[in-house]
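Visitor: mmCIF, C-alpha atoms (C1' of nucleotides), saved as data-v4.cif, coming up:
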data_query
loop_
_atom_site.group_PDB
_atom_site.id
_atom_site.type_symbol
_atom_site.label_atom_id
_atom_site.label_comp_id
_atom_site.auth_asym_id
_atom_site.auth_seq_id
_atom_site.Cartn_x
_atom_site.Cartn_y
_atom_site.Cartn_z
ATOM 1 C CA MET W 1 -10.724 24.851 -17.004
ATOM 2 C CA SER W 2 -7.116 23.717 -17.448
ATOM 3 C CA LEU W 3 -5.797 20.691 -15.594
ATOM 4 C CA SER W 4 -3.373 22.869 -13.636
ATOM 5 C CA VAL W 5 -6.208 25.074 -12.429
ATOM 6 C CA GLN W 6 -8.358 22.048 -11.515
ATOM 7 C CA LEU W 7 -5.553 20.426 -9.529
ATOM 8 C CA LEU W 8 -4.953 23.696 -7.702
ATOM 9 C CA GLU W 9 -8.674 24.032 -6.990
ATOM 10 C CA ILE W 10 -8.843 20.495 -5.571
ATOM 11 C CA TYR W 11 -5.879 21.210 -3.311
ATOM 12 C CA LYS W 12 -7.387 24.490 -2.188
ATOM 13 C CA ARG W 13 -10.714 22.926 -1.271
ATOM 14 C CA LEU W 14 -9.221 19.947 0.537
ATOM 15 C CA PHE W 15 -6.913 22.218 2.506
ATOM 16 C CA GLN W 16 -9.743 24.577 3.416
ATOM 17 C CA THR W 17 -11.840 21.602 4.526
ATOM 18 C CA TYR W 18 -9.286 19.573 6.451
ATOM 19 C CA GLY W 19 -6.429 21.964 7.230
ATOM 20 C CA PRO W 20 -2.739 20.992 7.454
ATOM 21 C CA GLN W 21 -2.191 17.239 8.019
ATOM 22 C CA HIS W 22 1.330 17.463 9.502
ATOM 23 C CA TRP W 23 2.720 14.468 7.621
ATOM 24 C CA TRP W 24 4.549 12.122 7.990
ATOM 25 C CA PRO W 25 3.472 11.138 11.539
ATOM 26 C CA ALA W 26 6.912 10.022 12.792
ATOM 27 C CA ASP W 27 9.737 11.272 15.010
ATOM 28 C CA ASP W 28 12.583 10.856 12.536
ATOM 29 C CA PRO W 29 13.390 9.819 8.938
ATOM 30 C CA PHE W 30 14.186 6.195 9.791
ATOM 31 C CA GLU W 31 10.801 5.839 11.448
ATOM 32 C CA VAL W 32 9.246 7.233 8.265
ATOM 33 C CA CYS W 33 10.957 4.508 6.230
ATOM 34 C CA ILE W 34 9.818 1.763 8.595
ATOM 35 C CA GLY W 35 6.280 3.142 8.629
ATOM 36 C CA ALA W 36 6.212 3.359 4.834
ATOM 37 C CA ILE W 37 6.943 -0.368 4.599
ATOM 38 C CA LEU W 38 4.625 -1.395 7.436
ATOM 39 C CA THR W 39 1.656 0.547 6.071
ATOM 40 C CA GLN W 40 1.578 -1.398 2.818
ATOM 41 C CA SER W 41 -2.063 -2.390 2.344
ATOM 42 C CA THR W 42 -2.623 -1.907 6.060
ATOM 43 C CA ALA W 43 -4.611 0.498 8.248
ATOM 44 C CA TRP W 44 -2.338 3.060 9.902
ATOM 45 C CA VAL W 45 -3.753 2.348 13.366
ATOM 46 C CA ASN W 46 -2.223 -1.116 13.170
ATOM 47 C CA VAL W 47 1.098 0.278 11.975
ATOM 48 C CA GLU W 48 1.202 2.552 15.027
ATOM 49 C CA LYS W 49 0.990 -0.467 17.301
ATOM 50 C CA ALA W 50 3.863 -2.142 15.508
ATOM 51 C CA ILE W 51 5.994 1.018 15.659
ATOM 52 C CA THR W 52 5.237 1.418 19.365
ATOM 53 C CA ASN W 53 6.419 -2.156 19.890
ATOM 54 C CA LEU W 54 9.638 -1.443 17.995
ATOM 55 C CA LYS W 55 10.252 1.715 20.042
ATOM 56 C CA GLU W 56 9.645 0.000 23.354
ATOM 57 C CA ALA W 57 12.031 -2.752 22.316
ATOM 58 C CA GLY W 58 14.636 -0.147 21.343
ATOM 59 C CA ALA W 59 14.596 -1.643 17.857
ATOM 60 C CA LEU W 60 13.957 1.450 15.765
ATOM 61 C CA ASP W 61 17.386 1.650 14.184
ATOM 62 C CA PRO W 62 19.001 -0.137 11.222
ATOM 63 C CA VAL W 63 21.584 -2.110 13.209
ATOM 64 C CA THR W 64 19.035 -3.591 15.593
ATOM 65 C CA VAL W 65 16.582 -4.386 12.799
ATOM 66 C CA ARG W 66 19.384 -6.145 10.951
ATOM 67 C CA ASP W 67 20.846 -8.084 13.869
ATOM 68 C CA MET W 68 17.889 -9.108 16.034
ATOM 69 C CA PRO W 69 16.423 -12.601 15.566
ATOM 70 C CA PHE W 70 13.993 -12.699 12.664
ATOM 71 C CA ASP W 71 11.156 -14.165 14.719
ATOM 72 C CA ARG W 72 11.644 -11.475 17.357
ATOM 73 C CA LEU W 73 11.354 -8.747 14.703
ATOM 74 C CA ALA W 74 8.325 -10.410 13.138
ATOM 75 C CA GLY W 75 6.692 -10.698 16.564
ATOM 76 C CA LEU W 76 7.135 -6.997 17.285
ATOM 77 C CA ILE W 77 5.482 -5.941 14.034
ATOM 78 C CA ARG W 78 2.745 -8.572 14.190
ATOM 79 C CA PRO W 79 -0.133 -6.054 14.647
ATOM 80 C CA SER W 80 0.637 -4.517 11.231
ATOM 81 C CA GLY W 81 -0.197 -7.751 9.424
ATOM 82 C CA TYR W 82 1.851 -9.687 6.836
ATOM 83 C CA TYR W 83 4.419 -9.759 9.608
ATOM 84 C CA ASN W 84 6.719 -12.390 8.134
ATOM 85 C CA ALA W 85 6.768 -10.694 4.738
ATOM 86 C CA LYS W 86 7.272 -7.280 6.309
ATOM 87 C CA ALA W 87 10.039 -8.464 8.643
ATOM 88 C CA ARG W 88 11.871 -9.644 5.540
ATOM 89 C CA LYS W 89 11.328 -6.255 3.913
ATOM 90 C CA LEU W 90 12.581 -4.328 6.966
ATOM 91 C CA ARG W 91 15.641 -6.567 6.988
ATOM 92 C CA ALA W 92 16.264 -5.912 3.299
ATOM 93 C CA PHE W 93 16.083 -2.151 3.863
ATOM 94 C CA ALA W 94 18.396 -2.275 6.895
ATOM 95 C CA ASN W 95 20.797 -4.497 4.998
ATOM 96 C CA ARG W 96 20.994 -2.069 2.075
ATOM 97 C CA LEU W 97 21.635 0.781 4.500
ATOM 98 C CA LYS W 98 24.836 -0.995 5.453
ATOM 99 C CA ASP W 99 26.166 0.127 2.036
ATOM 100 C CA TYR W 100 25.744 3.702 3.301
ATOM 101 C CA SER W 101 27.310 3.189 6.732
ATOM 102 C CA ASP W 102 23.779 3.057 8.172
ATOM 103 C CA SER W 103 23.344 6.728 7.290
ATOM 104 C CA LEU W 104 20.071 7.808 5.706
ATOM 105 C CA ASP W 105 21.721 11.116 4.829
ATOM 106 C CA ALA W 106 24.242 9.191 2.776
ATOM 107 C CA LEU W 107 21.481 7.194 1.052
ATOM 108 C CA PHE W 108 19.522 10.365 0.370
ATOM 109 C CA ASP W 109 22.538 12.203 -1.064
ATOM 110 C CA ALA W 110 21.401 11.666 -4.660
ATOM 111 C CA ASP W 111 18.931 13.256 -7.011
ATOM 112 C CA VAL W 112 15.331 12.077 -6.982
ATOM 113 C CA SER W 113 15.714 9.859 -10.026
ATOM 114 C CA GLN W 114 18.808 8.040 -8.762
ATOM 115 C CA LEU W 115 17.400 7.670 -5.267
ATOM 116 C CA ARG W 116 14.142 6.246 -6.652
ATOM 117 C CA THR W 117 16.022 3.679 -8.710
ATOM 118 C CA GLU W 118 18.101 2.678 -5.698
ATOM 119 C CA LEU W 119 15.048 2.313 -3.447
ATOM 120 C CA LEU W 120 13.126 0.313 -6.061
ATOM 121 C CA SER W 121 15.993 -2.161 -6.243
ATOM 122 C CA ILE W 122 15.466 -3.091 -2.578
ATOM 123 C CA TYR W 123 13.218 -6.094 -1.879
ATOM 124 C CA GLY W 124 9.821 -4.992 -0.634
ATOM 125 C CA ILE W 125 10.025 -1.401 -1.861
ATOM 126 C CA GLY W 126 7.712 -0.631 -4.776
ATOM 127 C CA PRO W 127 6.710 2.713 -6.327
ATOM 128 C CA GLU W 128 4.535 4.014 -3.505
ATOM 129 C CA THR W 129 6.898 3.042 -0.708
ATOM 130 C CA ALA W 130 9.875 4.477 -2.618
ATOM 131 C CA ASP W 131 8.095 7.761 -3.255
ATOM 132 C CA SER W 132 6.867 8.002 0.341
ATOM 133 C CA ILE W 133 10.445 7.620 1.536
ATOM 134 C CA ILE W 134 11.708 10.194 -0.988
ATOM 135 C CA LEU W 135 9.037 12.756 -0.094
ATOM 136 C CA TYR W 136 8.568 12.259 3.631
ATOM 137 C CA ALA W 137 11.984 11.013 4.788
ATOM 138 C CA ALA W 138 14.397 12.527 2.249
ATOM 139 C CA ARG W 139 12.104 15.529 1.755
ATOM 140 C CA LYS W 140 12.593 15.733 -1.972
ATOM 141 C CA PRO W 141 9.745 16.677 -4.322
ATOM 142 C CA VAL W 142 8.043 13.602 -5.767
ATOM 143 C CA PHE W 143 4.271 13.070 -5.873
ATOM 144 C CA VAL W 144 3.119 9.966 -4.005
ATOM 145 C CA ILE W 145 0.309 7.965 -5.601
ATOM 146 C CA ASP W 146 -1.765 5.538 -3.562
ATOM 147 C CA ALA W 147 -5.113 3.753 -3.720
ATOM 148 C CA TYR W 148 -6.932 6.854 -2.457
ATOM 149 C CA THR W 149 -5.330 9.028 -5.125
ATOM 150 C CA HIS W 150 -6.458 6.575 -7.807
ATOM 151 C CA ARG W 151 -9.995 6.372 -6.449
ATOM 152 C CA ILE W 152 -10.458 10.123 -6.054
ATOM 153 C CA MET W 153 -8.903 10.985 -9.420
ATOM 154 C CA ASP W 154 -10.934 8.222 -11.106
ATOM 155 C CA ARG W 155 -14.155 9.693 -9.734
ATOM 156 C CA LEU W 156 -13.116 13.184 -10.815
ATOM 157 C CA ARG W 157 -12.309 11.695 -14.256
ATOM 158 C CA LEU W 158 -8.842 13.175 -14.068
ATOM 159 C CA ASN W 159 -6.971 9.864 -14.294
ATOM 160 C CA PRO W 160 -6.255 9.282 -17.989
ATOM 161 C CA ASN W 161 -7.826 5.916 -18.954
ATOM 162 C CA TYR W 162 -7.494 4.753 -15.353
ATOM 163 C CA GLY W 163 -3.759 4.732 -15.832
ATOM 164 C CA SER W 164 -0.834 3.103 -14.098
ATOM 165 C CA TYR W 165 1.026 4.473 -11.081
ATOM 166 C CA GLU W 166 3.484 6.383 -13.248
ATOM 167 C CA ALA W 167 0.737 7.636 -15.578
ATOM 168 C CA LEU W 168 -1.176 9.196 -12.714
ATOM 169 C CA GLN W 169 2.008 10.503 -11.124
ATOM 170 C CA ALA W 170 2.821 12.259 -14.406
ATOM 171 C CA VAL W 171 -0.461 14.169 -14.222
ATOM 172 C CA PHE W 172 0.706 15.879 -11.064
ATOM 173 C CA ALA W 173 4.346 16.156 -12.113
ATOM 174 C CA HIS W 174 3.417 17.948 -15.328
ATOM 175 C CA HIS W 175 0.702 20.242 -13.994
ATOM 176 C CA ILE W 176 1.856 21.282 -10.536
ATOM 177 C CA PRO W 177 5.131 23.055 -9.683
ATOM 178 C CA ALA W 178 7.508 20.520 -8.096
ATOM 179 C CA ASP W 179 7.479 21.775 -4.525
ATOM 180 C CA GLU W 180 8.205 19.433 -1.659
ATOM 181 C CA ALA W 181 5.889 21.157 0.841
ATOM 182 C CA THR W 182 2.987 21.204 -1.632
ATOM 183 C CA PHE W 183 3.440 17.543 -2.586
ATOM 184 C CA ASN W 184 3.643 16.650 1.103
ATOM 185 C CA GLU W 185 0.356 18.331 1.975
ATOM 186 C CA TYR W 186 -1.466 17.323 -1.205
ATOM 187 C CA HIS W 187 -0.910 13.592 -0.777
ATOM 188 C CA ALA W 188 -1.759 13.772 2.925
ATOM 189 C CA LEU W 189 -5.000 15.567 2.068
ATOM 190 C CA PHE W 190 -5.911 12.873 -0.469
ATOM 191 C CA VAL W 191 -5.469 10.225 2.219
ATOM 192 C CA ARG W 192 -7.498 12.232 4.721
ATOM 193 C CA HIS W 193 -10.275 12.789 2.183
ATOM 194 C CA GLY W 194 -10.201 9.127 1.141
ATOM 195 C CA LYS W 195 -10.423 7.843 4.697
ATOM 196 C CA GLU W 196 -13.054 10.262 5.788
ATOM 197 C CA VAL W 197 -15.368 10.684 2.813
ATOM 198 C CA CYS W 198 -14.375 9.082 -0.478
ATOM 199 C CA ARG W 199 -14.700 5.444 0.603
ATOM 200 C CA LYS W 200 -14.434 2.380 -1.592
ATOM 201 C CA THR W 201 -17.893 1.342 -0.470
ATOM 202 C CA ILE W 202 -20.540 3.503 1.186
ATOM 203 C CA PRO W 203 -19.318 6.822 -0.205
ATOM 204 C CA LEU W 204 -20.315 9.745 1.973
ATOM 205 C CA CYS W 205 -20.868 12.237 -0.823
ATOM 206 C CA GLN W 206 -23.193 14.552 1.113
ATOM 207 C CA GLY W 207 -21.412 17.854 1.545
ATOM 208 C CA CYS W 208 -18.239 16.586 -0.153
ATOM 209 C CA PRO W 209 -15.961 19.541 -0.931
ATOM 210 C CA LEU W 210 -15.340 18.054 -4.398
ATOM 211 C CA GLY W 211 -18.984 17.129 -5.006
ATOM 212 C CA ASP W 212 -19.563 19.402 -7.990
ATOM 213 C CA MET W 213 -16.423 18.054 -9.740
ATOM 214 C CA CYS W 214 -17.174 14.374 -9.036
ATOM 215 C CA TYR W 215 -18.743 11.844 -11.415
ATOM 216 C CA PHE W 216 -19.248 9.039 -8.891
ATOM 217 C CA GLU W 217 -22.641 7.373 -9.244
ATOM 218 C "C1'" DG Z 1 -19.067 -13.494 9.434
ATOM 219 C "C1'" DC Z 2 -17.740 -10.060 5.844
ATOM 220 C "C1'" DC Z 3 -15.223 -6.173 3.947
ATOM 221 C "C1'" DC Z 4 -11.544 -3.176 4.056
ATOM 222 C "C1'" DA Z 5 -6.978 -0.951 5.046
ATOM 223 C "C1'" DG Z 6 -1.732 4.898 3.021
ATOM 224 C "C1'" DG Z 7 1.303 -2.532 -1.669
ATOM 225 C "C1'" DT Z 8 4.711 -5.751 -3.304
ATOM 226 C "C1'" DG Z 9 6.614 -9.887 -5.391
ATOM 227 C "C1'" DG Z 10 6.103 -13.999 -7.876
ATOM 228 C "C1'" DG Z 11 3.861 -16.907 -11.137
ATOM 229 C "C1'" DT Z 12 1.283 -17.756 -15.435
ATOM 230 C "C1'" DA Z 13 -0.584 -16.910 -20.266
ATOM 231 C "C1'" DT B 1 1.697 -6.541 -20.719
ATOM 232 C "C1'" DA B 2 -2.118 -8.192 -17.996
ATOM 233 C "C1'" DC B 3 -4.182 -10.486 -14.706
ATOM 234 C "C1'" DC B 4 -4.048 -13.843 -10.369
ATOM 235 C "C1'" DC B 5 -2.610 -14.862 -5.804
ATOM 236 C "C1'" DA B 6 -0.112 -14.986 -1.202
ATOM 237 C "C1'" DC B 7 0.952 -12.294 2.531
ATOM 238 C "C1'" DA B 8 -2.297 -11.436 7.928
ATOM 239 C "C1'" DT B 9 -3.876 -8.377 11.669
ATOM 240 C "C1'" DG B 10 -7.593 -5.537 13.581
ATOM 241 C "C1'" DG B 11 -11.593 -2.314 13.262
ATOM 242 C "C1'" DG B 12 -16.282 -1.207 11.539
#
Output the file's structure as structure tokens, nothing else.
Guide:
Amino acid sequence: MSLSVQLLEIYKRLFQTYGPQHWWPADDPFEVCIGAILTQSTAWVNVEKAITNLKEAGALDPVTVRDMPFDRLAGLIRPSGYYNAKARKLRAFANRLKDYSDSLDALFDADVSQLRTELLSIYGIGPETADSIILYAARKPVFVIDAYTHRIMDRLRLNPNYGSYEALQAVFAHHIPADEATFNEYHALFVRHGKEVCRKTIPLCQGCPLGDMCYFE
DNA sequence: GCCCAGGTGGGTA
DNA sequence: TACCCACATGGG
């Protein structure tokens, strides 16, 4: 079976099992960007608490994030962990937005490649955060790779020599049509499947929709 | 108490 | 390039 057909089959089975995931869980693009930074190596449930705090404080906009006292910002996002580091990252993002008159539309008015380069040049934004922002806030087609994607593709033996972020991303880019809606749902389904079944420890392989394709021992 | 969670940046060899 | 490590809370 070709790689394209396998990737399509995986998508089909995950979608049939879990249904549409309605990603990204946020009210607007700026909230997506904030969530993408806060969720770095952190359980989403804790990010939700931090975002709720920011909303209740009326701090979910670039100007407020930029101008409020650092310790106040850090305190609001405390439940998401790494709160000092992440407060610095939120500040860096809000500060860069100043170059675009605090308009995400202005920031996003570039092709995927240029936008990715710009995002990666901001402190605290690495490949996954950049791609999450591009896909889920700017709504441009780029495939997001995360720890779940690595784990699942490793176990399916579809990750070429357990490759880098870009190496695994290329697998999808070269074998799936670049469609924003498909990339959106596919990544969300990987996360759902990773959380629910394909765990780092204690894998729940009984009845796994990908069981017959999986080499996990 | 221990392990893990939708990573990134900085330092060292 | 390829590893280490710091960053930190909260749930199972």
Visitor: Between atom C1' of DA13 of chain Z and atom C1' of DT1 of chain B, what is the distance, to one decimal in Å?
Guide: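 Interatomic distance, atom C1' of DA13 of chain Z to atom C1' of DT1 of chain B: 10.6 Å.
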Visitor: Mind listing as a compact mmCIF listing (two decimals) with C-alpha atoms (C1' of nucleotides), keeping the file's coordinate frame which residues of chain B are within 6 Å of chain W, counting only C-alpha atoms (C1' of nucleotides)?
Guide:
# COMPACT_ATOMS: atom_id res chain seq x y z
C1' DC B 7 0.95 -12.29 2.53
C1' DA B 8 -2.30 -11.44 7.93
C1' DT B 9 -3.88 -8.38 11.67
Visitor: Chain W near chain Z within 8 Å: what's each residue's closest atom pair and its distance in Å to one decimal, counting all atoms listed in the file, ordered by chain then ascending residue number, as CSV?
Guide:
residue,atom,partner,partner_atom,distance
W:Thr39,CA,Z:DG6,C1',6.3
W:Gln40,CA,Z:DG7,C1',4.6
W:Ser41,CA,Z:DG7,C1',5.2
W:Thr42,CA,Z:DA5,C1',4.6
W:Ala43,CA,Z:DA5,C1',4.2
W:Trp44,CA,Z:DG6,C1',7.1
W:Gly124,CA,Z:DT8,C1',5.8
W:Ile125,CA,Z:DT8,C1',7.0
W:Gly126,CA,Z:DT8,C1',6.1
W:Glu128,CA,Z:DG7,C1',7.5
W:Thr129,CA,Z:DG7,C1',8.0
W:Asp146,CA,Z:DG6,C1',6.6
W:Ala147,CA,Z:DG6,C1',7.6
W:Tyr148,CA,Z:DG6,C1',7.8
W:Val191,CA,Z:DG6,C1',6.6
Visitor: Work out how far atom CA of Val144 of chain W is from atom CA of Glu9 of chain W, in Å to one decimal.
Guide: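 It comes out at 18.6 Å.
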Visitor: Axis-aligned box over every listed atom of chain Z, padded by 5 Å per side: centre and edges in Å to one decimal, as AutoDock Vina command-line options?
Guide:
--center_x -6.2 --center_y -6.4 --center_z -5.4 --size_x 35.7 --size_y 32.7 --size_z 39.7
Visitor: Record the distance separating atom CA of Asp105 of chain W and atom CA of Met68 of chain W, expressed in Å with one decimal.
Guide: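 These two atoms are separated by 23.4 Å.
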Visitor: Mind checking which residues fall within 12 Å of Ala59 of chain W, counting all atoms listed in the file, ignoring those fewer than 3 positions away in the same chain, and posting them as a count of residues only?
Guide: 26
Visitor: Identify which of the residues W:Ala36, W:Pro177, W:Val112, W:Leu158 lies closest to Glu48 of chain W, counting only C-alpha atoms when measuring atom-to-atom distances.
Guide: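 Going through W:Ala36, W:Pro177, W:Val112, W:Leu158 one by one, the smallest distance to Glu48 of chain W is for W:Ala36.
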Visitor: Evaluated on this file, the PyMOL selection byres ((chain W and resi 113) around 12) picks out some residues - which ones are they, written as a ChimeraX atom specification?
Guide: /W:108-112,114-120,130-131,134,140-142
